[in-house]
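Engineer: File follows, upload.cif with mmCIF, C-alpha atoms and all ligand atoms:
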data_query
loop_
_atom_site.label_atom_id
_atom_site.label_comp_id
_atom_site.auth_asym_id
_atom_site.auth_seq_id
_atom_site.Cartn_x
_atom_site.Cartn_y
_atom_site.Cartn_z
CA MET A 234 122.31 117.22 67.45
CA GLN A 235 119.50 114.86 68.40
CA HIS A 236 121.50 112.06 66.87
CA ASN A 237 124.46 112.64 69.16
CA ALA A 238 122.18 112.85 72.13
CA GLN A 239 120.78 109.44 71.25
CA LEU A 240 124.28 108.01 71.15
CA THR A 241 125.18 109.43 74.52
CA ALA A 242 122.07 108.10 76.16
CA ASP A 243 121.41 104.83 74.41
CA ASN A 244 124.63 103.42 73.06
CA ALA A 245 125.49 100.44 75.22
CA ALA A 246 129.07 100.57 73.96
CA GLN A 247 129.61 103.81 75.86
CA PRO A 248 131.09 103.31 79.30
CA ASP A 249 128.21 103.27 81.78
CA ALA A 250 130.01 105.80 83.93
CA ILE A 251 129.50 108.52 81.31
CA PHE A 252 125.88 109.62 80.99
CA ASP A 253 124.88 112.59 78.85
CA GLY A 254 128.53 113.64 78.88
CA VAL A 255 128.78 113.57 82.67
CA ASP A 256 131.19 111.29 84.54
CA LEU A 257 128.89 109.78 87.15
CA ARG A 258 131.77 108.75 89.37
CA ARG A 259 132.97 112.33 89.64
CA LEU A 260 129.40 113.46 90.17
CA ALA A 261 129.05 111.00 93.06
CA GLU A 262 132.09 112.56 94.71
CA ARG A 263 130.19 115.85 94.86
CA ILE A 264 126.66 114.66 95.56
CA PRO A 265 126.05 112.14 98.33
CA THR A 266 124.35 108.91 97.26
CA PRO A 267 121.68 107.82 96.74
CA PHE A 268 120.52 110.21 94.01
CA HIS A 269 118.61 110.07 90.76
CA ALA A 270 120.28 111.41 87.61
CA TYR A 271 118.36 112.16 84.40
CA SER A 272 119.70 112.77 80.91
CA ALA A 273 117.98 115.78 79.38
CA ASN A 274 119.14 114.70 75.92
CA ALA A 275 117.79 111.19 76.24
CA ILE A 276 114.40 112.71 77.07
CA ARG A 277 114.63 115.21 74.20
CA ALA A 278 115.55 112.39 71.81
CA ARG A 279 112.53 110.32 72.88
CA ILE A 280 110.18 113.27 72.44
CA ALA A 281 111.64 114.10 69.02
CA GLY A 282 111.47 110.45 67.88
CA LEU A 283 107.81 110.18 68.76
CA GLN A 284 106.93 113.59 67.29
CA GLN A 285 108.73 112.66 64.06
CA ALA A 286 106.88 109.36 63.79
CA LEU A 287 103.58 111.23 64.12
CA GLN A 288 104.38 113.83 61.47
CA GLY A 289 101.51 114.60 59.13
CA MET A 290 98.89 113.88 61.79
CA ASP A 291 97.29 116.47 64.04
CA ALA A 292 98.78 114.77 67.09
CA MET A 293 99.78 116.19 70.44
CA LEU A 294 101.85 114.54 73.15
CA CYS A 295 100.52 114.99 76.68
CA TYR A 296 103.21 113.62 79.00
CA ALA A 297 101.82 111.53 81.86
CA VAL A 298 103.13 113.61 84.74
CA LYS A 299 102.98 110.77 87.26
CA ALA A 300 105.89 108.99 85.55
CA ASN A 301 108.31 111.68 86.73
CA SER A 302 106.83 114.87 88.07
CA ASN A 303 110.00 116.84 88.83
CA LEU A 304 109.51 120.46 87.73
CA ALA A 305 112.72 120.40 85.67
CA ILE A 306 111.46 117.37 83.73
CA LEU A 307 108.13 119.12 83.17
CA GLN A 308 110.06 122.17 81.94
CA LEU A 309 111.79 119.99 79.34
CA MET A 310 108.34 118.90 78.22
CA ALA A 311 107.11 122.49 78.02
CA GLU A 312 110.17 123.48 75.96
CA ALA A 313 109.40 120.71 73.49
CA ARG A 314 105.74 121.81 73.31
CA VAL A 315 104.63 118.64 75.04
CA GLY A 316 101.48 119.00 77.14
CA ALA A 317 100.51 117.11 80.26
CA ASP A 318 98.21 114.29 81.28
CA ILE A 319 97.42 114.85 84.95
CA VAL A 320 95.62 112.77 87.57
CA SER A 321 95.40 115.20 90.51
CA SER A 322 95.31 118.89 91.31
CA GLY A 323 98.86 118.51 92.62
CA GLU A 324 99.93 117.50 89.12
CA LEU A 325 97.89 120.37 87.65
CA TRP A 326 99.77 122.76 89.90
CA ARG A 327 103.14 121.29 88.91
CA ALA A 328 102.37 121.36 85.20
CA LEU A 329 101.24 124.99 85.29
CA HIS A 330 104.25 125.98 87.39
CA ALA A 331 106.58 124.36 84.89
CA GLY A 332 105.09 126.49 82.13
CA ILE A 333 102.83 123.94 80.43
CA PRO A 334 99.83 125.94 79.16
CA ALA A 335 96.45 124.92 80.61
CA GLN A 336 95.20 124.40 77.07
CA HIS A 337 97.77 121.59 76.72
CA ILE A 338 96.57 119.72 79.81
CA VAL A 339 94.17 116.77 79.98
CA PHE A 340 92.84 115.38 83.26
CA SER A 341 92.44 111.60 83.74
CA GLY A 342 91.65 109.39 86.73
CA VAL A 343 88.67 107.71 88.42
CA GLY A 344 88.69 109.81 91.58
CA LYS A 345 88.61 113.46 90.55
CA THR A 346 87.03 115.35 93.44
CA ALA A 347 84.70 118.33 93.14
CA ALA A 348 87.51 120.60 94.32
CA GLU A 349 89.90 119.20 91.70
CA ILE A 350 87.35 119.61 88.93
CA ALA A 351 86.75 123.21 90.02
CA GLU A 352 90.46 123.99 89.95
CA ALA A 353 90.91 122.45 86.51
CA LEU A 354 87.87 124.33 85.17
CA ALA A 355 89.18 127.59 86.59
CA ALA A 356 92.59 126.96 85.03
CA GLY A 357 90.94 126.29 81.66
CA ILE A 358 92.42 122.90 80.84
CA GLN A 359 91.95 121.35 77.41
CA ARG A 360 89.69 118.47 78.45
CA PHE A 361 88.54 116.00 81.07
CA ASN A 362 88.86 112.29 80.46
CA LEU A 363 85.80 110.98 82.29
CA GLU A 364 85.55 107.53 83.80
CA SER A 365 82.06 107.33 85.35
CA ALA A 366 78.54 108.73 84.95
CA ASP A 367 78.81 110.23 88.41
CA GLU A 368 81.86 112.20 87.30
CA LEU A 369 80.04 113.33 84.15
CA ASP A 370 77.12 114.63 86.23
CA LEU A 371 79.49 116.37 88.62
CA LEU A 372 81.31 118.05 85.74
CA GLN A 373 77.97 119.27 84.33
CA GLN A 374 76.96 120.67 87.70
CA MET A 375 80.27 122.43 88.34
CA ALA A 376 80.64 123.81 84.82
CA ALA A 377 77.08 125.16 85.06
CA GLU A 378 77.92 126.90 88.34
CA LEU A 379 80.98 128.51 86.76
CA GLN A 380 79.00 129.23 83.57
CA VAL A 381 81.55 127.54 81.33
CA ARG A 382 81.39 124.69 78.86
CA ALA A 383 83.90 121.92 79.61
CA HIS A 384 85.33 119.68 76.92
CA ALA A 385 85.16 116.03 77.89
CA ALA A 386 86.13 112.64 76.54
CA VAL A 387 84.75 109.34 77.69
CA ARG A 388 87.38 106.82 78.67
CA ILE A 389 86.44 103.55 77.05
CA ASN A 390 87.35 100.30 78.73
CA PRO A 391 87.94 98.23 75.59
CA ASP A 392 88.30 94.92 77.48
CA VAL A 393 91.74 94.28 75.97
CA ASP A 394 94.51 92.36 77.70
CA ALA A 395 97.64 94.53 77.54
CA GLN A 396 99.78 91.48 78.44
CA THR A 397 101.69 93.34 81.06
CA HIS A 398 101.98 93.10 84.86
CA ALA A 399 98.53 92.76 86.50
CA LYS A 400 99.11 95.85 88.64
CA ILE A 401 99.65 98.06 85.59
CA SER A 402 96.96 96.55 83.37
CA THR A 403 94.01 98.94 83.04
CA GLY A 404 91.99 97.97 79.97
CA LYS A 405 90.29 94.74 81.07
CA ALA A 406 86.58 94.81 81.91
CA GLN A 407 87.34 93.94 85.56
CA ASN A 408 89.72 96.91 86.01
CA LYS A 409 88.44 100.07 87.69
CA PHE A 410 89.19 102.25 84.67
CA GLY A 411 86.87 103.61 82.00
CA VAL A 412 83.34 102.62 81.06
CA SER A 413 81.95 100.03 78.65
CA ILE A 414 81.07 101.05 75.10
CA ASP A 415 77.42 100.36 75.97
CA GLU A 416 77.53 102.91 78.75
CA ALA A 417 79.47 105.43 76.63
CA ARG A 418 76.79 105.11 73.95
CA ARG A 419 74.17 106.19 76.52
CA TRP A 420 76.28 109.20 77.52
CA PHE A 421 76.28 110.42 73.93
CA ALA A 422 72.58 109.65 73.46
CA ASP A 423 71.58 111.98 76.27
CA ALA A 424 74.37 114.54 75.88
CA ALA A 425 71.72 117.25 75.45
CA ARG A 426 70.82 116.83 79.13
CA ARG A 427 74.27 118.17 80.02
CA PRO A 428 74.56 121.51 78.21
CA ASN A 429 77.73 122.58 80.05
CA VAL A 430 79.69 119.51 79.01
CA ARG A 431 80.79 119.25 75.42
CA LEU A 432 81.20 115.50 75.14
CA ASP A 433 83.25 115.35 71.95
CA GLY A 434 86.17 113.07 72.71
CA LEU A 435 87.11 109.42 73.13
CA HIS A 436 89.91 108.14 75.34
CA VAL A 437 91.53 104.77 75.86
CA HIS A 438 94.51 103.68 77.98
CA ILE A 439 94.96 99.95 78.43
CA GLY A 440 98.00 99.75 80.68
CA SER A 441 101.69 100.35 81.03
CA GLN A 442 105.00 98.78 79.94
CA ILE A 443 103.33 97.24 76.88
CA LEU A 444 105.88 95.55 74.60
CA GLY A 445 103.60 94.00 71.97
CA ILE A 446 101.79 96.02 69.31
CA GLU A 447 98.76 93.71 69.21
CA PRO A 448 96.96 94.99 72.35
CA PHE A 449 97.33 98.55 70.99
CA ARG A 450 95.93 97.49 67.61
CA LEU A 451 92.92 95.88 69.26
CA ALA A 452 92.23 98.85 71.50
CA PHE A 453 92.64 101.39 68.69
CA ALA A 454 90.35 99.33 66.44
CA ARG A 455 87.63 99.27 69.09
CA VAL A 456 87.86 103.02 69.60
CA ALA A 457 87.88 103.64 65.85
CA ALA A 458 84.77 101.49 65.34
CA PHE A 459 82.98 103.37 68.11
CA TRP A 460 84.04 106.73 66.66
CA ARG A 461 82.57 105.74 63.26
CA GLU A 462 79.36 104.60 64.89
CA LEU A 463 79.05 107.89 66.79
CA GLU A 464 79.74 109.98 63.68
CA ALA A 465 77.11 108.01 61.78
CA ALA A 466 74.67 108.77 64.59
CA GLY A 467 75.34 112.48 64.15
CA HIS A 468 77.78 113.12 67.00
CA THR A 469 80.92 115.20 66.45
CA ILE A 470 84.15 113.76 67.80
CA ALA A 471 86.85 116.43 68.00
CA SER A 472 89.58 114.42 69.68
CA ILE A 473 90.68 110.86 70.23
CA ASP A 474 93.18 110.18 73.00
CA VAL A 475 95.05 106.90 72.55
CA GLY A 476 96.60 106.95 76.04
CA GLY A 477 100.11 105.90 77.01
CA GLY A 478 101.60 102.53 77.80
CA LEU A 479 104.56 102.25 75.42
CA GLY A 480 107.08 99.90 77.01
CA VAL A 481 110.81 100.41 77.44
CA ARG A 482 113.84 98.13 77.64
CA TYR A 483 114.54 97.25 81.25
CA ARG A 484 116.66 94.22 80.42
CA ASP A 485 118.46 92.62 77.53
CA GLY A 486 116.15 90.82 75.16
CA GLU A 487 113.18 93.10 75.78
CA GLN A 488 112.19 94.65 72.48
CA PRO A 489 110.16 97.85 72.85
CA ILE A 490 107.82 98.95 70.08
CA ALA A 491 109.51 101.35 67.67
CA PRO A 492 107.84 104.77 67.45
CA ALA A 493 107.30 104.22 63.72
CA ASP A 494 105.41 100.97 64.36
CA TYR A 495 103.34 102.57 67.08
CA ALA A 496 102.49 105.50 64.81
CA ALA A 497 101.64 103.04 62.03
CA ALA A 498 99.15 101.29 64.32
CA ILE A 499 97.53 104.63 65.10
CA ARG A 500 97.41 105.50 61.40
CA ALA A 501 95.98 102.11 60.47
CA ALA A 502 93.04 102.54 62.84
CA LEU A 503 92.57 106.30 62.83
CA GLY A 504 94.31 107.59 59.70
CA ASP A 505 91.08 109.09 58.38
CA PHE A 506 90.17 110.78 61.65
CA THR A 507 90.40 114.50 61.00
CA GLY A 508 90.20 115.73 64.59
CA ARG A 509 93.02 115.97 67.08
CA LEU A 510 94.88 112.91 68.29
CA LEU A 511 96.24 112.97 71.82
CA LEU A 512 98.94 110.65 73.16
CA GLU A 513 99.83 110.24 76.82
CA PRO A 514 103.28 108.67 76.98
CA GLY A 515 104.87 108.61 80.42
CA ARG A 516 107.40 105.85 80.93
CA TYR A 517 108.56 105.87 77.31
CA LEU A 518 109.80 109.45 77.51
CA VAL A 519 111.73 109.23 80.78
CA ALA A 520 112.41 105.68 82.04
CA GLU A 521 115.66 104.97 80.22
CA ALA A 522 116.79 108.56 80.72
CA GLY A 523 117.21 107.97 84.46
CA VAL A 524 119.66 106.11 86.67
CA LEU A 525 119.85 105.74 90.42
CA LEU A 526 123.35 106.16 91.87
CA THR A 527 123.97 104.25 95.05
CA ARG A 528 126.89 102.94 97.09
CA VAL A 529 127.50 99.62 98.75
CA ILE A 530 127.09 99.97 102.52
CA ARG A 531 128.30 96.49 103.28
CA LEU A 532 128.33 92.85 102.33
CA LYS A 533 126.54 90.41 104.50
CA HIS A 534 126.88 86.65 104.30
CA GLY A 535 123.62 84.92 105.14
CA GLU A 536 122.73 81.24 105.22
CA GLY A 537 124.05 80.24 101.80
CA ARG A 538 123.43 83.73 100.44
CA ARG A 539 125.44 86.86 99.82
CA PHE A 540 123.60 90.10 100.49
CA LEU A 541 124.78 93.30 98.90
CA VAL A 542 123.39 96.10 101.06
CA LEU A 543 123.05 99.38 99.17
CA ASP A 544 122.38 102.88 100.45
CA ALA A 545 119.35 103.11 98.15
CA ALA A 546 116.17 101.35 99.18
CA MET A 547 112.57 100.63 98.23
CA ASN A 548 111.64 104.14 99.35
CA ASP A 549 113.86 105.51 96.54
CA LEU A 550 112.80 102.95 93.92
CA LEU A 551 109.65 100.95 94.62
CA ARG A 552 109.23 99.10 91.34
CA PRO A 553 111.14 95.93 92.27
CA SER A 554 109.14 95.58 95.50
CA LEU A 555 105.79 96.53 93.97
CA TYR A 556 105.95 94.82 90.59
CA ASP A 557 108.87 92.38 90.91
CA ALA A 558 110.41 94.62 88.26
CA TRP A 559 113.86 93.96 86.84
CA HIS A 560 116.37 96.79 86.75
CA ASP A 561 119.91 96.34 85.47
CA ILE A 562 122.44 96.79 88.25
CA VAL A 563 125.81 98.02 87.04
CA PRO A 564 128.84 98.39 89.32
CA LEU A 565 130.99 101.35 88.32
CA ILE A 566 134.36 99.61 88.60
CA ASP A 567 137.28 99.39 86.16
CA ASP A 568 138.94 96.09 86.93
CA VAL A 569 137.94 92.52 86.21
CA ARG A 570 136.84 90.57 89.28
CA PRO A 571 135.42 87.18 90.16
CA ARG A 572 131.65 87.08 89.91
CA HIS A 573 129.15 86.03 92.56
CA ARG A 574 125.41 85.79 92.95
CA TYR A 575 124.09 88.52 95.21
CA ASP A 576 120.74 89.38 96.70
CA VAL A 577 120.83 93.14 96.24
CA VAL A 578 118.91 94.82 99.05
CA GLY A 579 118.36 98.19 100.72
CA PRO A 580 118.48 99.08 104.41
CA VAL A 581 114.69 99.34 104.92
CA CYS A 582 113.16 96.95 107.43
CA GLU A 583 111.11 94.93 104.94
CA THR A 584 111.96 91.69 103.21
CA GLY A 585 110.43 93.31 100.13
CA ASP A 586 113.24 95.87 100.13
CA THR A 587 115.05 93.82 97.51
CA PHE A 588 116.26 95.14 94.15
CA ALA A 589 117.35 91.77 92.78
CA VAL A 590 117.60 88.13 93.85
CA GLU A 591 120.63 85.99 92.97
CA ARG A 592 121.94 88.61 90.56
CA GLU A 593 125.34 87.75 89.13
CA LEU A 594 127.71 90.65 89.71
CA PRO A 595 131.44 91.20 90.08
CA GLU A 596 132.74 91.09 93.62
CA LEU A 597 131.99 94.37 95.34
CA HIS A 598 133.24 96.12 98.43
CA ALA A 599 131.85 98.66 100.86
CA GLY A 600 131.83 102.20 99.48
CA GLU A 601 131.84 101.21 95.81
CA LEU A 602 129.41 102.82 93.39
CA VAL A 603 126.57 100.96 91.79
CA LEU A 604 124.20 102.28 89.16
CA ILE A 605 120.63 101.06 88.84
CA ARG A 606 119.35 101.57 85.32
CA GLY A 607 116.00 102.55 83.88
CA THR A 608 114.82 104.49 86.93
CA GLY A 609 113.65 107.70 85.25
CA ALA A 610 109.98 106.68 85.32
CA TYR A 611 108.04 105.70 88.43
CA GLY A 612 111.23 106.08 90.48
CA ALA A 613 111.44 109.42 92.29
CA SER A 614 107.74 110.03 91.63
CA MET A 615 106.85 106.95 93.71
CA ALA A 616 109.40 107.66 96.43
CA SER A 617 108.50 107.97 100.10
CA THR A 618 110.32 108.72 103.33
CA TYR A 619 109.56 105.27 104.75
CA ASN A 620 111.94 104.42 107.58
CA SER A 621 112.48 108.20 107.87
CA ARG A 622 114.83 108.22 104.94
CA PRO A 623 114.79 111.72 103.41
CA LEU A 624 113.89 111.90 99.70
CA ALA A 625 116.95 111.51 97.49
CA ALA A 626 118.37 114.33 95.38
CA GLU A 627 117.55 114.51 91.67
CA VAL A 628 120.11 115.79 89.18
CA LEU A 629 119.59 116.79 85.55
CA LEU A 630 122.46 116.10 83.14
CA ASP A 631 122.86 117.97 79.87
CA ARG A 632 125.92 117.55 77.63
CA GLY A 633 128.57 117.38 80.31
CA ARG A 634 126.88 119.71 82.75
CA HIS A 635 124.70 118.91 85.73
CA ALA A 636 122.16 120.81 87.78
CA ILE A 637 120.50 119.75 91.00
CA VAL A 638 116.77 119.79 90.29
CA ARG A 639 115.74 118.53 93.69
CA ARG A 640 118.05 118.91 96.63
CA ARG A 641 118.26 116.01 99.01
CA GLN A 642 115.55 116.48 101.60
CA SER A 643 116.84 117.73 104.94
CA LEU A 644 115.56 116.20 108.14
CA GLU A 645 113.68 119.47 108.75
CA ASP A 646 112.06 119.20 105.29
CA MET A 647 111.14 115.63 106.10
CA VAL A 648 109.21 116.49 109.26
CA ALA A 649 107.81 119.80 107.95
CA GLY A 650 104.19 120.10 109.03
CA GLU A 651 104.49 117.61 111.86
CA GLN A 652 103.96 118.95 115.36
CA PRO A 653 103.23 117.76 118.88
CA ALA A 654 99.52 117.68 119.76
CA ARG A 655 99.31 120.98 121.61
CA HIS A 656 95.99 122.47 120.54
CA TRP A 657 93.17 120.04 121.09
CA GLU A 658 89.80 120.93 119.66
CA THR A 659 86.41 119.29 119.30
CA ALA A 660 84.74 119.19 115.93
C1 LIG B 1 99.72 106.25 83.80
C2 LIG B 1 98.94 106.74 82.64
C3 LIG B 1 99.57 107.03 81.44
C4 LIG B 1 101.04 106.81 81.21
O1 LIG B 1 101.37 105.47 81.16
P1 LIG B 1 102.85 105.03 80.69
O2 LIG B 1 102.79 103.58 80.71
O3 LIG B 1 103.79 105.59 81.67
O4 LIG B 1 103.04 105.58 79.33
C5 LIG B 1 98.82 107.55 80.41
N1 LIG B 1 97.49 107.75 80.56
C6 LIG B 1 96.83 107.46 81.70
C7 LIG B 1 95.38 107.71 81.79
C8 LIG B 1 97.54 106.95 82.78
O5 LIG B 1 96.89 106.65 83.91
#
Rewrite the coordinates I just gave you, this time as structure tokens.
Ligand SMILES: *Cc1c(COP(=O)(O)O)cnc(C)c1O
Structural biologist:
Amino acid sequence: MQHNAQLTADNAAQPDAIFDGVDLRRLAERIPTPFHAYSANAIRARIAGLQQALQGMDAMLCYAVKANSNLAILQLMAEARVGADIVSSGELWRALHAGIPAQHIVFSGVGKTAAEIAEALAAGIQRFNLESADELDLLQQMAAELQVRAHAAVRINPDVDAQTHAKISTGKAQNKFGVSIDEARRWFADAARRPNVRLDGLHVHIGSQILGIEPFRLAFARVAAFWRELEAAGHTIASIDVGGGLGVRYRDGEQPIAPADYAAAIRAALGDFTGRLLLEPGRYLVAEAGVLLTRVIRLKHGEGRRFLVLDAAMNDLLRPSLYDAWHDIVPLIDDVRPRHRYDVVGPVCETGDTFAVERELPELHAGELVLIRGTGAYGASMASTYNSRPLAAEVLLDRGRHAIVRRRQSLEDMVAGEQPARHWETA
């Protein structure tokens, strides 16, 4: 069954218009564009592939919720016994609502507030991935107040170059994430001063969309060496969290790391670790399972340029504007047409609202359907209503069936909470 799912989702020989058994052109007749569509089976296949590669190890996947935080996606994770890596109390709330047990949730991020820590403690999450001494002290104080003992890991900044886009690189010494091994050593040395924090974990996450295995090897080796040093010094390490970052194929020629190779790198560094391994994949599980369906609004001829104006925009998919990211753009047409170079843009009033520059595409006309590939991660979850464009619908596909998992925002939804300034008060 998983095998067929893989074919449906990943086989480039399949017509692009059929995704997880659903004819996207027929779907677009029923649901107004733009909308995001996700293949449940592509996600299931990714989870199963990673879980299989990790067989024999005490390893648990904690999906990085920020990649795609739709409740239906989180439910798929819960069904596959995948936990969650959260970075806010909003994500905690979503994960719990989707049925992910608190004991399968880890909490990362440099800016956890006192209120967020309190909520996570009350929920009983598995552990906190701590990124500063201040946060460690705050966790001690709050756990003491609640008379509980919190499990915590220290996020190591291994000073490794993930060789990815600067804005999604997190493991260099100059990045805001994690602490140096020197500092982490001090945390363990005076762990006794913090009786309500059980500091028994290590965590590392060096960045996102990583396509080479070498940065992972380096980071895992540094964590493994530190774990051995700590054990030798008499500290117990119950869990090592190797983070996320596995890259995906956004364009031809990109060669993502195979799950087996990734698992081999983990085994090579940490094969003799007998505690629990945690993994925090985000993008890898969902990116290629998503497409953005959009229609051509019009063609515009500029000074020596052809603009293809779509009804999707940077508010629906920010990655091209934010990271200069490439996404395949696939017209859903049957016939053969002359090809042109188009600047593919959205209607938002920003020059940055550009999906592609000088992209060679077949000639297109107003009203025709265009699919943007690889939008399942950091697509809808990064969306905004900029230019007062309501959030797009999200649709889950599963073997020929579809279900709306987020209805298109109404104008009333969009302005919910806004009101004229009627009641003035002084603080
Ligand atoms: C964003 C993030 C992830 C997920 O990264 P991907 O590249 O999407 O796999 C995992 N762990 C932490 C701490 C993160 O911030």
Engineer: Calculate, to one decimal in Å, the centre and edge lengths of the box along x, y and z of the file that holds all listed atoms of ligand LIG 1 (chain B) with 5 Å of margin on each side, and present them as JSON.
Structural biologist:
{"center_x": 99.6, "center_y": 105.7, "center_z": 81.6, "size_x": 18.4, "size_y": 14.2, "size_z": 14.6}
Engineer: Go through region 258-310 of chain A and flag each residue having an atom no more than 12 Å from region 565-578 of chain A; for those, report the closest pair of atoms plus their distance in Å to one decimal, using all atoms listed in the file, ordered by chain and rising number, as JSON lines.
Structural biologist:
{"residue": "A:Arg258", "atom": "CA", "partner": "A:Leu565", "partner_atom": "CA", "distance": 7.5}
{"residue": "A:Arg259", "atom": "CA", "partner": "A:Leu565", "partner_atom": "CA", "distance": 11.2}
{"residue": "A:Ala261", "atom": "CA", "partner": "A:Leu565", "partner_atom": "CA", "distance": 10.9}
Engineer: With a distance cut-off of 10 Å and all atoms listed in the file, select the neighbouring residues of Arg622 (chain A), excluding the residue or stretch itself and same-chain residues fewer than 6 positions from it, and output the selection as a list in words.
Structural biologist: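 My list of contacting residues is Ala545, Ala546, Asn548, Asp549, Pro580, Val581, Gln642, Ser643, Leu644 and Met647 of chain A.
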Engineer: So, counting all atoms listed in the file, which residue among A:Asn408, A:Thr403, A:Gln488, A:Gln373 is closest to ligand LIG 1 (chain B)?
Structural biologist: A:Thr403
Engineer: Find the residue from A:His398, A:Arg427, A:Arg418, A:Lys405 that sits nearest to Asp370 (chain A); use all atoms listed in the file when measuring.
Structural biologist: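 Once distances to Asp370 (chain A) are computed over all atoms listed in the file, the minimum belongs to A:Arg427.
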Engineer: Taking all atoms listed in the file into account, which residues have an atom no farther than 10 Å from ligand LIG 1 (chain B)? I'd like them as a PDB file with C-alpha atoms, in the coordinates of the input.
Structural biologist:
ATOM      1  CA  CYS A 295     100.520 114.990  76.680  1.00  0.00           C
ATOM      2  CA  TYR A 296     103.210 113.620  79.000  1.00  0.00           C
ATOM      3  CA  ALA A 297     101.820 111.530  81.860  1.00  0.00           C
ATOM      4  CA  VAL A 298     103.130 113.610  84.740  1.00  0.00           C
ATOM      5  CA  LYS A 299     102.980 110.770  87.260  1.00  0.00           C
ATOM      6  CA  ALA A 300     105.890 108.990  85.550  1.00  0.00           C
ATOM      7  CA  ASN A 301     108.310 111.680  86.730  1.00  0.00           C
ATOM      8  CA  ALA A 317     100.510 117.110  80.260  1.00  0.00           C
ATOM      9  CA  ASP A 318      98.210 114.290  81.280  1.00  0.00           C
ATOM     10  CA  ILE A 319      97.420 114.850  84.950  1.00  0.00           C
ATOM     11  CA  VAL A 320      95.620 112.770  87.570  1.00  0.00           C
ATOM     12  CA  VAL A 339      94.170 116.770  79.980  1.00  0.00           C
ATOM     13  CA  PHE A 340      92.840 115.380  83.260  1.00  0.00           C
ATOM     14  CA  SER A 341      92.440 111.600  83.740  1.00  0.00           C
ATOM     15  CA  GLY A 342      91.650 109.390  86.730  1.00  0.00           C
ATOM     16  CA  VAL A 343      88.670 107.710  88.420  1.00  0.00           C
ATOM     17  CA  ASN A 362      88.860 112.290  80.460  1.00  0.00           C
ATOM     18  CA  ARG A 388      87.380 106.820  78.670  1.00  0.00           C
ATOM     19  CA  ILE A 401      99.650  98.060  85.590  1.00  0.00           C
ATOM     20  CA  SER A 402      96.960  96.550  83.370  1.00  0.00           C
ATOM     21  CA  THR A 403      94.010  98.940  83.040  1.00  0.00           C
ATOM     22  CA  PHE A 410      89.190 102.250  84.670  1.00  0.00           C
ATOM     23  CA  GLY A 411      86.870 103.610  82.000  1.00  0.00           C
ATOM     24  CA  HIS A 436      89.910 108.140  75.340  1.00  0.00           C
ATOM     25  CA  VAL A 437      91.530 104.770  75.860  1.00  0.00           C
ATOM     26  CA  HIS A 438      94.510 103.680  77.980  1.00  0.00           C
ATOM     27  CA  ILE A 439      94.960  99.950  78.430  1.00  0.00           C
ATOM     28  CA  GLY A 440      98.000  99.750  80.680  1.00  0.00           C
ATOM     29  CA  SER A 441     101.690 100.350  81.030  1.00  0.00           C
ATOM     30  CA  GLN A 442     105.000  98.780  79.940  1.00  0.00           C
ATOM     31  CA  ILE A 443     103.330  97.240  76.880  1.00  0.00           C
ATOM     32  CA  ASP A 474      93.180 110.180  73.000  1.00  0.00           C
ATOM     33  CA  VAL A 475      95.050 106.900  72.550  1.00  0.00           C
ATOM     34  CA  GLY A 476      96.600 106.950  76.040  1.00  0.00           C
ATOM     35  CA  GLY A 477     100.110 105.900  77.010  1.00  0.00           C
ATOM     36  CA  GLY A 478     101.600 102.530  77.800  1.00  0.00           C
ATOM     37  CA  LEU A 479     104.560 102.250  75.420  1.00  0.00           C
ATOM     38  CA  GLY A 480     107.080  99.900  77.010  1.00  0.00           C
ATOM     39  CA  VAL A 481     110.810 100.410  77.440  1.00  0.00           C
ATOM     40  CA  LEU A 512      98.940 110.650  73.160  1.00  0.00           C
ATOM     41  CA  GLU A 513      99.830 110.240  76.820  1.00  0.00           C
ATOM     42  CA  PRO A 514     103.280 108.670  76.980  1.00  0.00           C
ATOM     43  CA  GLY A 515     104.870 108.610  80.420  1.00  0.00           C
ATOM     44  CA  ARG A 516     107.400 105.850  80.930  1.00  0.00           C
ATOM     45  CA  TYR A 517     108.560 105.870  77.310  1.00  0.00           C
ATOM     46  CA  LEU A 518     109.800 109.450  77.510  1.00  0.00           C
ATOM     47  CA  VAL A 519     111.730 109.230  80.780  1.00  0.00           C
ATOM     48  CA  ALA A 520     112.410 105.680  82.040  1.00  0.00           C
ATOM     49  CA  ALA A 610     109.980 106.680  85.320  1.00  0.00           C
ATOM     50  CA  TYR A 611     108.040 105.700  88.430  1.00  0.00           C
TER      51      TYR A 611
END
